[in-house]
Amino acid sequence: MKKKYNPKKIEKKLQKKWKTEQTFKVYEDLEKKKYYCVPMLPYPSGNLHIGHVRNYTISDVISRYHRMLGENVLQPIGWDSFGLPAEEAAKQNNQNPYDWTKKNIQDMKKQLKKLGLSYDWSREISTCDPNYYKWEQWFFIQLYKKNLVYKKTALVKWCSKDHTVLANEQVIKGKCWRCDTKIKLKKLPQWFLKIRKYAEELYQGIKLLKGWPEKVKTMQKNWIGRTKGIELSLKINKSKKIIKGYTTKIYSLLNAKYLAISPDHKYVKTLIKKNSNLKKLVKNQLKKLTSTSNFKKIKNIGINTKKFAINPLNKKKIPIWIANFVFIKYGTNAIIASPKFSLEHLIFYNKNLLFKKNNKLYKKIKYIKKNKQKNTISSKKILKIIKEKKCGKIKIKYKLQNWNISRQRYWGTPIPIATKENNSIVTIPTKKLPVLLPKFDNYFYKKNTSKIKINGILAKIEKDTFDTFMESSWYYARYTCPHYSEGMLDSFSSKYWLPIDQYIGGIEHATMHLIYFRFYHKLLRDFNLVNTDEPAKKLLCQGMVLSHAFYYLKNNIKIWINIKKISIKLDKKNNIISISDFKGKKVFYAGMIKMSKSKKNGIEPKTVIKKYGADTIRLFVMFSAPVNSDLQWNDLSVKGIHRFLNKLWKFCYFNNKFFKKTKKNKKEKLNLKQNKIHFYLNKTILKVSKDINIRQTFHTSISRIMKFFKYIKKINIKNDYEYFLIRKSLIIILKLLNPFIPHFSHSILTSFKKKSYVNINKWPKIEKKYLKEKKIKIIIQINGKMNCILSTKKNLSKKDIFKKSMKNSIIIKKIHNKTIIKKFFIPNKILNLITLN
């Protein structure tokens with residue numbers, strides 16, 4: 001063991017050893033308990049950022065911990081390598097997106113390896129690899145045959161910047177989730193996957209997700225939007241047509257004031273055929289609906305159809321209005337609106353139907369609550385009337401819409417469908433899979449006329465590609481058998497490893513990837529490819545990494561500046577004291593915000609690794625904040641972590657140098673100091689184990705280890721056994737730290753092993769006999785005179801000691817009919833009760 005800590009040297013040496021020996025390569029082993037840990041696969045952008053480091057370090061800490069428990073641990077990695085950024089970069093640089101993606105994967109792979117992550121690299125996958133997406137194409141064909149996929153011309157959400165359709169989940173506040181462009185509505189023939197068929201199971205299955213964050217489960221419930229209500233058949237006045245209206249407030253049906261239908265309701269389509277003015281109004285309404293991110297401004301726009309529906313319960317005529325809020329919020333086509341019982345219905349009613357301001361209705365919330373309390377006709381009575389009249393039925397509806405999986409881009413999985421000259425659709429035969437992408441050029445999509453011969457007949461291949469969320473919805477299952485060539489999944493391997501024991505990724509995926517992820521797993525199950533209902537037992541959502549961001553103004557536009565180009569002064573708490581100007585321009589501080597390329601506030605991990613080593617950055621991201629909270633980047637804290645590692649290394653070096661091999665004398669009793677060391681040592685193992693495995697509060701586990709190290713450093717060693725005990729404590733500290741700083745701990749433990757037996761790869765066991773706290777004696781006084789001695793646990797509070805003393809027969813007798821006016825307490829020593837008389 002060298003005297004000076006040299007992270008660059010020890011990390012390079014150990015990483016080479018892991019690679020040569022394939023240390024983390026695993027196979028199915030029925031004799032061992034399996035543990036499957038999956039971090040969400042990264043997009044190969046070319047450079048790691050600290051967010052990546054945090055995500056993959058969390059995964060690695062958990063994997064290494066379970067490996068030390070003796071479990072068969074699989075931690076794989078892959079690349080979500082299809083997508084828009086690669087295509088756009090390829091266009092700008094006049095190269096094939098495959099070449100751009102391949103280079104980025106190579107660069108990121110090198111960076112990940114420098115972090116010392118314990119991946120089974122033999123299972124590495126890339127979603128743009130034909131050997132991967134071949135099976136996705138095969139599975140799509142099976143879904144098509146089972147009528148779970150369909151194609152139709154639909155009004156879809158279109159991003160004019162990315163030139164592609166978006167799924168509902170990819171539209172956030174009326175804007176594209178990726179580029180923040182306002183979306184438009186467009187009619188296009190599209191492929192859809194019937195996720196709504198699984199809406200009830202997805203909703204009910206949330207109950208099974210015991211190890212998932214409550215926030216994610218709530219977000220999924222709200223997105224699925226399950227409601228139970230009544231679907232009522234309303235006849236259109238002076239017509240034979242019927243509209244089926246819906247409400248969750250069954251008790252409100254007798255008070256219905258209007259029927260609100262969506263702009264794309266089939267009855268609207270009938271009306272606009274005969275009314276060009278109405279057609280213009282509807283078109284304008286749809287335009288406003290999708291051209292603003294401020295839904296509050298436009299959701300109460302209504303169009304009067306000047307038609308009426310008949311409420312079958314009381315035969316009253318109610319006007320039919322085309323209302324934006326139905327289209328966006330409910331995902332149902334017609335709502336039976338009752339302003340008396342709904343705030344949303346009331347606001348729309350006031351704006352569009354009353355035509356006069358009714359000041360009495362401005363205290364809206366109180367008004368609604370009051371009416372709900374006054375409601376006298378129960379839902380049961382109304383349901384009875386509906387049953388007698390046979391005019392409606394109970395229905396469960398969902399906000400969740402079928403998944404639009406078509407994308408009008410080149411760099412994606414080709415959809416394995418072809419169209420014959422007579423416009424009939426035919427699936428690509430299995431023997432012709434995978435359908436490969438043709439040669440790339442900048443104008444590919446517009447002029448794509450790729451054809452294929454099927455049974456001797458020439459057919460045009462579908463030019464749309466899959467939404468990339470398709471590839472990222474089943475990769476975790478393919479990790480279990482990445483080289484299997486006989487099918488999509490090897491049943492033995494997938495059933496051995498699945499479900500995932502620990503899944504890790506950002507909460508921003510709650511209503512996109514994590515919905516599709518669960519849905520796709522159920523599809524795989526229904527084709528007997530997996531045998532569980534849910535893909536992951538536990539989910540950990542890490543927070544973002546934040547960093548200082550700066551900008552100057554040019555024509556009132558923010559121009560972001562890299563922190564390296566300006567001079568700033570920070571205090572010890574990472575607060576900014578002063579900022580320099582930038583090329584004569586005033587610099588503004590944007591605060592601690594999410595690290596990103598666009599804001600130029602990212603920190604490159606390779607720079608930190610070069611300066612301090614991988615273990616320093618690993619320990620920093622795990623120690624500086626709870627994993628589910630945002631982490632603020634702080635250079636001073638990184639230096640502090642590096643100082644701690646240097647102190648630990650130095651202490652271990654001197655212990656190793658002067659260590660005398662000793663054994664405990666079994667006949668000799670331990671003294672108070674030695675017992676105390678044993679107690680704190682085992683208590684640290686217990687708490688760290690719980691912090692990592694149960695609470696997943698990794699920052700507190702590191703803090704406990706640091707405190708224990710600080711404690712043993714101060715111990716004055718007086719004999720050989722105490723030398724032995726300190727060495728044992730150091731070995732335990734290094735083992736507890738091994739998941740966090742594997743290069744550092746492995747290097748020292750290997751050096752220790754030369755002089756004493758150390759099982760590096762095993763998690764330390766707790767010696768329970770040392771955790772039994774000895775009872776202490778507390779003197780109970782009354783008015784300063786000792787009356788009895790209580791034998792109790794150490795460190796009990798005054799309140800607890802008083803309760804115990806009041807159960808003692810001597811004390812009860814002494815204070816009978818006396819009033820206690822004060823209690824003087826010296827912890828672990830005396831309780832003195834002062835009484836009157």
# chains A, B, ... in the order shown; residues from 1 in each chain; ligands from 1
call {"tool": "select_by_dssp", "arguments": {"residues": "stretch 577-734 of chain A", "states": "helix (DSSP H, G or I)", "output": "MDAnalysis selection string"}}
result
chainID A and resid 605:612 614:623 635:658 672:695 698:713 720:734
call {"tool": "residues_around", "arguments": {"residues": "stretch 264-280 of chain A", "least_positions_apart": "4", "cutoff": "8 Å", "atoms": "only C-alpha atoms", "output": "PyMOL selection string"}}
result
chain A and resi 243+284+305+322+327+333-334
call {"tool": "write_last_selection", "arguments": {"atoms": "N, CA, C and O atoms", "output": "mmCIF file, in the first residue's frame"}}
result
data_model
loop_
_atom_site.group_PDB
_atom_site.id
_atom_site.type_symbol
_atom_site.label_atom_id
_atom_site.label_comp_id
_atom_site.auth_asym_id
_atom_site.auth_seq_id
_atom_site.Cartn_x
_atom_site.Cartn_y
_atom_site.Cartn_z
ATOM 1 N N ILE A 243 -77.613 11.265 -29.041
ATOM 2 C CA ILE A 243 -76.255 11.522 -28.531
ATOM 3 C C ILE A 243 -76.140 10.884 -27.154
ATOM 4 O O ILE A 243 -77.025 11.040 -26.304
ATOM 5 N N ASN A 284 -61.643 27.250 -36.314
ATOM 6 C CA ASN A 284 -60.995 28.290 -35.517
ATOM 7 C C ASN A 284 -60.864 27.869 -34.055
ATOM 8 O O ASN A 284 -59.863 28.130 -33.392
ATOM 9 N N THR A 305 -74.615 25.286 -31.275
ATOM 10 C CA THR A 305 -75.062 24.558 -32.472
ATOM 11 C C THR A 305 -76.496 24.929 -32.850
ATOM 12 O O THR A 305 -76.962 24.596 -33.932
ATOM 13 N N ILE A 322 -70.771 23.212 -28.497
ATOM 14 C CA ILE A 322 -69.439 22.634 -28.761
ATOM 15 C C ILE A 322 -68.473 23.324 -27.795
ATOM 16 O O ILE A 322 -68.337 24.540 -27.816
ATOM 17 N N PHE A 327 -63.037 18.322 -25.064
ATOM 18 C CA PHE A 327 -62.008 17.743 -25.927
ATOM 19 C C PHE A 327 -60.698 17.518 -25.187
ATOM 20 O O PHE A 327 -60.098 16.467 -25.271
ATOM 21 N N ASN A 333 -66.703 12.188 -25.499
ATOM 22 C CA ASN A 333 -67.235 13.035 -26.564
ATOM 23 C C ASN A 333 -68.337 13.988 -26.152
ATOM 24 O O ASN A 333 -68.544 15.008 -26.795
ATOM 25 N N ALA A 334 -69.075 13.664 -25.103
ATOM 26 C CA ALA A 334 -70.202 14.526 -24.718
ATOM 27 C C ALA A 334 -70.412 14.486 -23.213
ATOM 28 O O ALA A 334 -70.458 13.412 -22.606
#
call {"tool": "residues_around", "arguments": {"residues": "A:Met512", "least_positions_apart": "2", "cutoff": "10 Å", "atoms": "only C-alpha atoms", "output": "list in words"}}
result
Ala167, Asn168, Glu169, Gln170, Gln220, Trp223, Phe469, Glu508, His509, Ala510, Leu514, Ile515, Tyr516 and Phe517 of chain A
call {"tool": "residues_around", "arguments": {"residues": "stretch 706-723 of chain A", "least_positions_apart": "6", "cutoff": "12 Å", "atoms": "only C-alpha atoms", "output": "ChimeraX atom specification"}}
result
/A:619,623,641,644-645,647-652,654-666,668-671,673-685,687-688,699-700,729-734,736-737
call {"tool": "closest_residue", "arguments": {"among": "A:Trp212, A:Tyr203, A:Phe308, A:Phe348", "to": "A:Asp501", "atoms": "only C-alpha atoms"}}
result
A:Trp212
call {"tool": "residues_around", "arguments": {"residues": "A:Gln502", "least_positions_apart": "4", "cutoff": "6 Å", "atoms": "only C-alpha atoms", "output": "PDB file with all heavy atoms, in the first residue's frame"}}
result
ATOM      1  N   CYS A  37     -31.084  -5.276 -11.309  1.00  0.00           N
ATOM      2  CA  CYS A  37     -31.083  -3.816 -11.105  1.00  0.00           C
ATOM      3  C   CYS A  37     -30.886  -3.118 -12.455  1.00  0.00           C
ATOM      4  O   CYS A  37     -29.893  -3.368 -13.143  1.00  0.00           O
ATOM      5  CB  CYS A  37     -29.960  -3.436 -10.147  1.00  0.00           C
ATOM      6  SG  CYS A  37     -29.920  -1.683  -9.736  1.00  0.00           S
ATOM      7  N   LYS A 538     -39.575  -2.402  -7.508  1.00  0.00           N
ATOM      8  CA  LYS A 538     -39.253  -1.116  -6.874  1.00  0.00           C
ATOM      9  C   LYS A 538     -38.814  -0.104  -7.922  1.00  0.00           C
ATOM     10  O   LYS A 538     -38.162  -0.467  -8.907  1.00  0.00           O
ATOM     11  CB  LYS A 538     -38.134  -1.295  -5.833  1.00  0.00           C
ATOM     12  CG  LYS A 538     -38.546  -2.044  -4.588  1.00  0.00           C
ATOM     13  CD  LYS A 538     -37.368  -2.274  -3.649  1.00  0.00           C
ATOM     14  CE  LYS A 538     -37.035  -1.050  -2.829  1.00  0.00           C
ATOM     15  NZ  LYS A 538     -35.991  -1.303  -1.826  1.00  0.00           N
ATOM     16  N   LEU A 539     -39.195   1.151  -7.678  1.00  0.00           N
ATOM     17  CA  LEU A 539     -38.782   2.245  -8.562  1.00  0.00           C
ATOM     18  C   LEU A 539     -38.169   3.343  -7.705  1.00  0.00           C
ATOM     19  O   LEU A 539     -38.744   3.747  -6.698  1.00  0.00           O
ATOM     20  CB  LEU A 539     -39.990   2.792  -9.332  1.00  0.00           C
ATOM     21  CG  LEU A 539     -39.764   4.074 -10.135  1.00  0.00           C
ATOM     22  CD1 LEU A 539     -38.849   3.813 -11.328  1.00  0.00           C
ATOM     23  CD2 LEU A 539     -41.092   4.659 -10.615  1.00  0.00           C
TER      24      LEU A 539
END
call {"tool": "residues_around", "arguments": {"residues": "A:Asp107", "least_positions_apart": "6", "cutoff": "10 Å", "atoms": "only C-alpha atoms", "output": "list in words"}}
result
Pro44, Ser45, Gly46, Asn47, Leu48 and Thr101 of chain A
call {"tool": "atom_distance", "arguments": {"atom1": "atom CA of A:Pro626", "atom2": "atom CA of A:Gly543"}}
result
8.3 Å
call {"tool": "residues_around", "arguments": {"residues": "A:Ser791", "least_positions_apart": "6", "cutoff": "8 Å", "atoms": "only C-alpha atoms", "output": "list in words"}}
result
Lys775, Ile776, Lys777 and Ile778 of chain A
call {"tool": "write_last_selection", "arguments": {"atoms": "C-alpha atoms", "output": "mmCIF file, in the first residue's frame"}}
result
data_model
loop_
_atom_site.group_PDB
_atom_site.id
_atom_site.type_symbol
_atom_site.label_atom_id
_atom_site.label_comp_id
_atom_site.auth_asym_id
_atom_site.auth_seq_id
_atom_site.Cartn_x
_atom_site.Cartn_y
_atom_site.Cartn_z
ATOM 1 C CA LYS A 775 -28.768 -1.212 31.828
ATOM 2 C CA ILE A 776 -27.728 1.681 34.006
ATOM 3 C CA LYS A 777 -28.794 2.696 37.496
ATOM 4 C CA ILE A 778 -30.633 5.965 38.095
#
call {"tool": "closest_residue", "arguments": {"among": "A:Ile576, A:Val587, A:Val149, A:Leu143", "to": "A:Tyr552", "atoms": "only C-alpha atoms"}}
result
A:Val587
call {"tool": "closest_residue", "arguments": {"among": "A:Gln75, A:Asn634, A:Ser494, A:Ser160", "to": "A:Leu570", "atoms": "only C-alpha atoms"}}
result
A:Asn634
